[in-house]
Amino acid sequence: KQKTFKNFNTKICKNEEQAKTLSALKDKLEKWVSDYPDVKKSKILLMGKTGLGKTYITECVANAFLEKGNSVCFVSSLFIICHSYLFFI
């Protein structure tokens, strides 16, 4: 099932605290996508341990941008690190 803000679900969360944090992040990111490109910061970086919902919420953001007719490039942190390293060699 495609991950979107419309079908966003905190059932993926392991506990209530994580659900509240992810839900608050969802609200902020949904507004950010809605206001884009008229936003103060044009890039986001999500960091955290495995299993917190970073990929899930990022897929919601990506799909929201696609719905607005924008292009999306989804890469992992490993991809960025490897390409940054090659850039400086």
# chains A, B, ... in the order shown; residues from 1 in each chain; ligands from 1

call {"tool": "residues_around", "arguments": {"residues": "range 60-73 of chain A", "least_positions_apart": "2", "cutoff": "8 Å", "atoms": "only C-alpha atoms", "output": "tab-separated table (two decimals) with N, CA and C atoms, in the first residue's frame"}}
result
chain	number	residue	atom	x	y	z
A	3	LYS	N	2.33	4.72	0.84
A	3	LYS	CA	2.36	5.48	2.09
A	3	LYS	C	2.09	6.95	1.79
A	4	THR	N	1.03	7.48	2.36
A	4	THR	CA	0.65	8.88	2.17
A	4	THR	C	0.24	9.49	3.50
A	5	PHE	N	0.16	10.81	3.53
A	5	PHE	CA	-0.34	11.47	4.74
A	5	PHE	C	-1.79	11.09	5.00
A	8	PHE	N	-1.80	7.72	6.70
A	8	PHE	CA	-0.79	7.66	7.76
A	8	PHE	C	-1.35	6.93	8.98
A	29	LEU	N	5.66	17.99	8.71
A	29	LEU	CA	6.09	17.71	7.35
A	29	LEU	C	4.95	17.89	6.35
A	30	GLU	N	3.74	17.57	6.76
A	30	GLU	CA	2.59	17.78	5.88
A	30	GLU	C	2.40	19.26	5.57
A	33	VAL	N	5.29	20.37	3.17
A	33	VAL	CA	5.00	20.00	1.78
A	33	VAL	C	3.93	20.92	1.20
A	56	TYR	N	9.26	5.47	6.59
A	56	TYR	CA	7.80	5.54	6.43
A	56	TYR	C	7.35	7.00	6.21
A	57	ILE	N	7.77	7.90	7.08
A	57	ILE	CA	7.34	9.29	6.97
A	57	ILE	C	7.96	9.96	5.74
A	58	THR	N	9.18	9.55	5.38
A	58	THR	CA	9.82	10.11	4.19
A	58	THR	C	9.09	9.68	2.92
A	75	VAL	N	17.19	8.75	-1.74
A	75	VAL	CA	18.47	8.05	-1.58
A	75	VAL	C	18.72	7.78	-0.10

call {"tool": "select_by_dssp", "arguments": {"residues": "chain A", "states": "helix (DSSP H, G or I)", "output": "NGL selection string"}}
result
:A and (10-12 or 16-35 or 54-67 or 77-88)

call {"tool": "closest_atom_pairs", "arguments": {"of": "range 31-56 of chain A", "to": "range 11-24 of chain A", "cutoff": "12 Å", "atoms": "only C-alpha atoms", "output": "JSON lines"}}
result
{"residue": "A:Lys31", "atom": "CA", "partner": "A:Ala24", "partner_atom": "CA", "distance": 11.0}
{"residue": "A:Leu46", "atom": "CA", "partner": "A:Leu22", "partner_atom": "CA", "distance": 11.4}
{"residue": "A:Gly48", "atom": "CA", "partner": "A:Gln18", "partner_atom": "CA", "distance": 11.7}
{"residue": "A:Lys49", "atom": "CA", "partner": "A:Gln18", "partner_atom": "CA", "distance": 11.8}
{"residue": "A:Thr50", "atom": "CA", "partner": "A:Cys13", "partner_atom": "CA", "distance": 11.7}
{"residue": "A:Gly51", "atom": "CA", "partner": "A:Cys13", "partner_atom": "CA", "distance": 8.2}
{"residue": "A:Leu52", "atom": "CA", "partner": "A:Cys13", "partner_atom": "CA", "distance": 7.0}
{"residue": "A:Gly53", "atom": "CA", "partner": "A:Leu22", "partner_atom": "CA", "distance": 7.1}
{"residue": "A:Lys54", "atom": "CA", "partner": "A:Leu22", "partner_atom": "CA", "distance": 8.6}
{"residue": "A:Thr55", "atom": "CA", "partner": "A:Leu22", "partner_atom": "CA", "distance": 11.4}
{"residue": "A:Tyr56", "atom": "CA", "partner": "A:Ile12", "partner_atom": "CA", "distance": 9.0}
